[in-house]
>>> print(open('data.cif').read())   # mmCIF, C-alpha atoms
data_upload
#
loop_
_atom_site.label_atom_id
_atom_site.label_comp_id
_atom_site.auth_asym_id
_atom_site.auth_seq_id
_atom_site.Cartn_x
_atom_site.Cartn_y
_atom_site.Cartn_z
CA MET Y 19 82.38 50.30 130.67
CA LEU Y 20 79.22 49.39 128.77
CA CYS Y 21 78.24 45.76 129.25
CA LEU Y 22 76.49 44.21 126.27
CA PRO Y 23 74.89 40.79 126.04
CA ALA Y 24 77.12 38.04 124.69
CA PRO Y 25 76.80 37.68 120.92
CA ASN Y 26 74.92 34.71 119.55
CA PRO Y 27 77.05 33.18 116.75
CA GLN Y 28 73.90 32.25 114.83
CA ARG Y 29 72.23 35.64 115.11
CA GLY Y 30 75.23 37.96 115.39
CA PRO Y 31 75.65 40.67 118.02
CA ARG Y 32 72.46 41.96 119.64
CA PRO Y 33 71.88 45.56 120.72
CA PRO Y 34 71.15 46.03 124.43
CA ARG Y 35 67.46 45.83 125.36
CA LYS Y 36 65.66 49.02 126.25
CA GLN Y 37 65.16 49.17 129.99
CA ARG Y 38 61.84 50.10 131.49
CA GLY Y 39 61.68 53.77 132.41
CA VAL Y 40 64.71 54.66 130.30
CA GLY Y 41 64.36 56.79 127.18
CA GLY Y 42 65.35 55.70 123.72
CA GLY Y 43 68.19 56.86 121.49
CA ALA Y 44 67.89 60.46 122.60
CA PHE Y 45 69.23 59.36 125.98
CA PHE Y 46 71.28 56.33 124.99
CA ALA Y 47 73.51 57.98 122.37
CA PRO Y 48 74.72 60.89 124.56
CA ALA Y 49 75.19 58.51 127.51
CA LEU Y 50 77.24 56.14 125.38
CA ALA Y 51 79.36 59.00 123.99
CA THR Y 52 79.96 60.29 127.52
CA SER Y 53 80.98 56.85 128.77
CA VAL Y 54 83.49 56.50 125.89
CA MET Y 55 84.99 59.91 126.78
CA VAL Y 56 85.19 59.08 130.49
CA GLU Y 57 86.78 55.71 129.71
CA SER Y 58 89.36 57.37 127.45
CA ILE Y 59 90.28 59.82 130.22
CA LEU Y 60 90.31 57.35 133.13
CA LEU Y 61 92.23 54.65 131.25
CA ASN Y 62 94.47 57.17 129.42
CA GLN Y 63 93.56 55.62 126.08
CA SER Y 64 94.39 58.72 124.04
CA ARG Y 65 91.41 58.09 121.74
CA LEU Y 66 90.53 60.27 118.79
CA LEU Y 67 86.99 61.50 119.50
CA PRO Y 68 84.63 64.30 118.49
CA VAL Y 69 84.70 66.76 121.39
CA ALA Y 70 83.51 70.31 122.05
CA ALA Y 71 86.84 72.10 122.43
CA TYR Y 72 87.96 75.67 123.07
CA LEU Y 73 89.73 76.77 119.89
CA GLN Y 74 92.75 79.08 120.02
CA GLY Y 75 93.67 79.50 116.38
CA GLU Y 76 92.76 76.04 115.07
CA TYR Y 77 90.82 76.27 111.81
CA GLY Y 78 91.40 80.05 111.95
CA LEU Y 79 88.99 80.34 114.90
CA GLU Y 80 89.70 82.04 118.22
CA ASP Y 81 87.87 82.11 121.53
CA VAL Y 82 85.03 79.73 120.66
CA VAL Y 83 83.97 76.26 121.79
CA ILE Y 84 82.91 74.01 118.94
CA GLY Y 85 82.92 70.30 118.10
CA VAL Y 86 86.18 69.10 116.53
CA SER Y 87 88.26 65.91 116.45
CA CYS Y 88 90.48 65.67 119.54
CA ARG Y 89 92.85 63.21 121.15
CA LEU Y 90 91.41 62.59 124.63
CA GLY Y 91 93.50 61.07 127.44
CA CYS Y 92 94.12 61.33 131.18
CA GLY Y 93 94.88 65.04 130.92
CA GLY Y 94 91.67 65.76 129.02
CA ILE Y 95 92.18 67.13 125.51
CA GLU Y 96 95.74 66.22 124.55
CA SER Y 97 95.59 67.69 121.06
CA ILE Y 98 93.16 68.95 118.46
CA LEU Y 99 93.41 67.22 115.10
CA GLU Y 100 93.05 69.93 112.48
CA LEU Y 101 91.62 68.23 109.40
CA ASN Y 102 92.20 69.54 105.88
CA LEU Y 103 88.84 71.09 105.05
CA SER Y 104 87.64 72.26 101.68
CA ASP Y 105 86.82 75.95 101.36
CA ARG Y 106 83.12 75.11 101.62
CA GLU Y 107 83.64 72.99 104.77
CA ARG Y 108 85.80 75.70 106.38
CA GLU Y 109 83.15 78.30 105.56
CA GLY Y 110 80.50 76.07 107.18
CA LEU Y 111 82.62 75.65 110.30
CA HIS Y 112 83.11 79.43 110.55
CA THR Y 113 79.36 79.96 110.06
CA SER Y 114 78.69 77.49 112.90
CA ALA Y 115 81.20 79.26 115.14
CA GLN Y 116 79.54 82.60 114.43
CA SER Y 117 76.16 81.08 115.31
CA VAL Y 118 77.61 79.83 118.63
CA ARG Y 119 78.96 83.31 119.38
CA LYS Y 120 75.60 84.94 118.58
CA SER Y 121 73.77 82.45 120.83
CA ILE Y 122 76.17 83.19 123.69
CA GLU Y 123 75.78 86.95 123.20
CA ARG Y 124 71.99 86.63 123.16
CA SER Y 125 72.06 84.46 126.30
CA GLN Y 126 74.24 87.02 128.07
CA GLU Y 127 71.82 89.79 127.08
CA ILE Y 128 68.87 87.82 128.47
CA LEU Y 129 70.71 86.92 131.67
CA GLY Y 130 71.93 90.50 132.05
CA ASN Y 131 68.40 91.84 131.68
CA ASN Y 132 66.96 89.27 134.11
CA SER Y 133 69.59 89.90 136.77
CA ARG Y 134 68.99 93.68 136.58
CA SER Y 135 65.22 93.27 136.89
CA ASN Y 136 65.61 90.86 139.82
CA ASN Y 137 67.86 93.32 141.68
CA SER Y 138 65.43 96.23 141.33
#
>>> encode(input="data.cif", output="structure tokens")
Amino acid sequence: MLCLPAPNPQRGPRPPRKQRGVGGGAFFAPALATSVMVESILLNQSRLLPVAAYLQGEYGLEDVVIGVSCRLGCGGIESILELNLSDREREGLHTSAQSVRKSIERSQEILGNNSRSNNS
């Protein structure tokens, strides 16, 4: 659980102070998102959160991991909330999924080439 300083009624809530040796938002935001996910799982809160999930037909996509809205509880992803997307939004999601697939294929090519050259 993230502990924040007590709010000052005259000034309103204050954001936590940056700690020495700790990065800024580039580190804080992912850490906060991770802590919310862990809390939802450990406390079985069944929260609706944006999560990278393996899709099996949702949004017309198969066999790809992409960020979608999910209900997250003690069993991990309990369900994927399939939002009603416009044609343009659905097209953008499919374009993103194709980009993910291409990146994975390219990574596998690179790793395949490196492992062959290392074994020679």
>>> resolve_selection(input="data.cif", expression="the PyMOL selection byres ((chain Y and resi 87) around 10)", output="list in words")
Arg65, Leu66, Leu67, Pro68, Val69, Ala70, Ala71, Gly85, Val86, Cys88, Arg89, Leu90, Ile95, Ser97, Ile98, Leu99, Glu100 and Leu101 of chain Y
>>> closest_residue(input="data.cif", among="Y:Glu76, Y:Glu127, Y:Glu96, Y:Asp81", to="Y:Ser58", atoms="only C-alpha atoms")
Y:Glu96
>>> atom_distance(input="data.cif", atom1="atom CA of Y:Val83", atom2="atom CA of Y:Gln126")
15.8 Å
>>> atom_distance(input="data.cif", atom1="atom CA of Y:Phe45", atom2="atom CA of Y:Leu73")
27.6 Å
>>> atom_distance(input="data.cif", atom1="atom CA of Y:Ser121", atom2="atom CA of Y:Gln74")
19.3 Å
>>> residues_around(input="data.cif", residues="Y:Asn62", least_positions_apart="5", cutoff="9 Å", atoms="all atoms listed in the file", output="ChimeraX atom specification")
/Y:57,90-93
>>> decode(input="data.cif", residues="stretch 104-117 of chain Y", atoms="N, CA, C and O atoms", output="compact mmCIF listing (two decimals), in the first residue's frame")
# COMPACT_ATOMS: atom_id res chain seq x y z
N SER Y 104 -15.49 2.19 -31.69
CA SER Y 104 -15.88 2.64 -33.02
C SER Y 104 -15.03 1.88 -34.04
O SER Y 104 -14.03 1.25 -33.68
N ASP Y 105 -15.41 1.95 -35.30
CA ASP Y 105 -14.64 1.27 -36.34
C ASP Y 105 -13.20 1.78 -36.35
O ASP Y 105 -12.26 0.99 -36.51
N ARG Y 106 -13.04 3.08 -36.18
CA ARG Y 106 -11.69 3.67 -36.18
C ARG Y 106 -10.87 3.17 -34.99
O ARG Y 106 -9.68 2.86 -35.13
N GLU Y 107 -11.49 3.10 -33.81
CA GLU Y 107 -10.79 2.61 -32.62
C GLU Y 107 -10.42 1.13 -32.77
O GLU Y 107 -9.31 0.73 -32.42
N ARG Y 108 -11.35 0.34 -33.30
CA ARG Y 108 -11.07 -1.09 -33.50
C ARG Y 108 -9.93 -1.28 -34.50
O ARG Y 108 -9.05 -2.11 -34.31
N GLU Y 109 -9.93 -0.47 -35.55
CA GLU Y 109 -8.86 -0.53 -36.55
C GLU Y 109 -7.52 -0.17 -35.90
O GLU Y 109 -6.50 -0.84 -36.15
N GLY Y 110 -7.51 0.84 -35.03
CA GLY Y 110 -6.29 1.21 -34.33
C GLY Y 110 -5.79 0.11 -33.41
O GLY Y 110 -4.58 -0.15 -33.33
N LEU Y 111 -6.71 -0.56 -32.73
CA LEU Y 111 -6.34 -1.67 -31.85
C LEU Y 111 -5.73 -2.81 -32.67
O LEU Y 111 -4.71 -3.39 -32.29
N HIS Y 112 -6.34 -3.12 -33.81
CA HIS Y 112 -5.82 -4.18 -34.67
C HIS Y 112 -4.45 -3.80 -35.25
O HIS Y 112 -3.57 -4.66 -35.38
N THR Y 113 -4.27 -2.52 -35.58
CA THR Y 113 -2.96 -2.05 -36.06
C THR Y 113 -1.91 -2.21 -34.97
O THR Y 113 -0.79 -2.66 -35.24
N SER Y 114 -2.27 -1.88 -33.73
CA SER Y 114 -1.35 -2.04 -32.60
C SER Y 114 -0.99 -3.51 -32.40
O SER Y 114 0.16 -3.86 -32.17
N ALA Y 115 -2.00 -4.38 -32.49
CA ALA Y 115 -1.76 -5.82 -32.31
C ALA Y 115 -0.82 -6.34 -33.40
O ALA Y 115 0.07 -7.14 -33.13
N GLN Y 116 -1.01 -5.86 -34.62
CA GLN Y 116 -0.13 -6.28 -35.71
C GLN Y 116 1.30 -5.80 -35.47
O GLN Y 116 2.26 -6.52 -35.73
N SER Y 117 1.45 -4.61 -34.93
CA SER Y 117 2.77 -4.07 -34.60
C SER Y 117 3.44 -4.93 -33.52
O SER Y 117 4.64 -5.20 -33.60
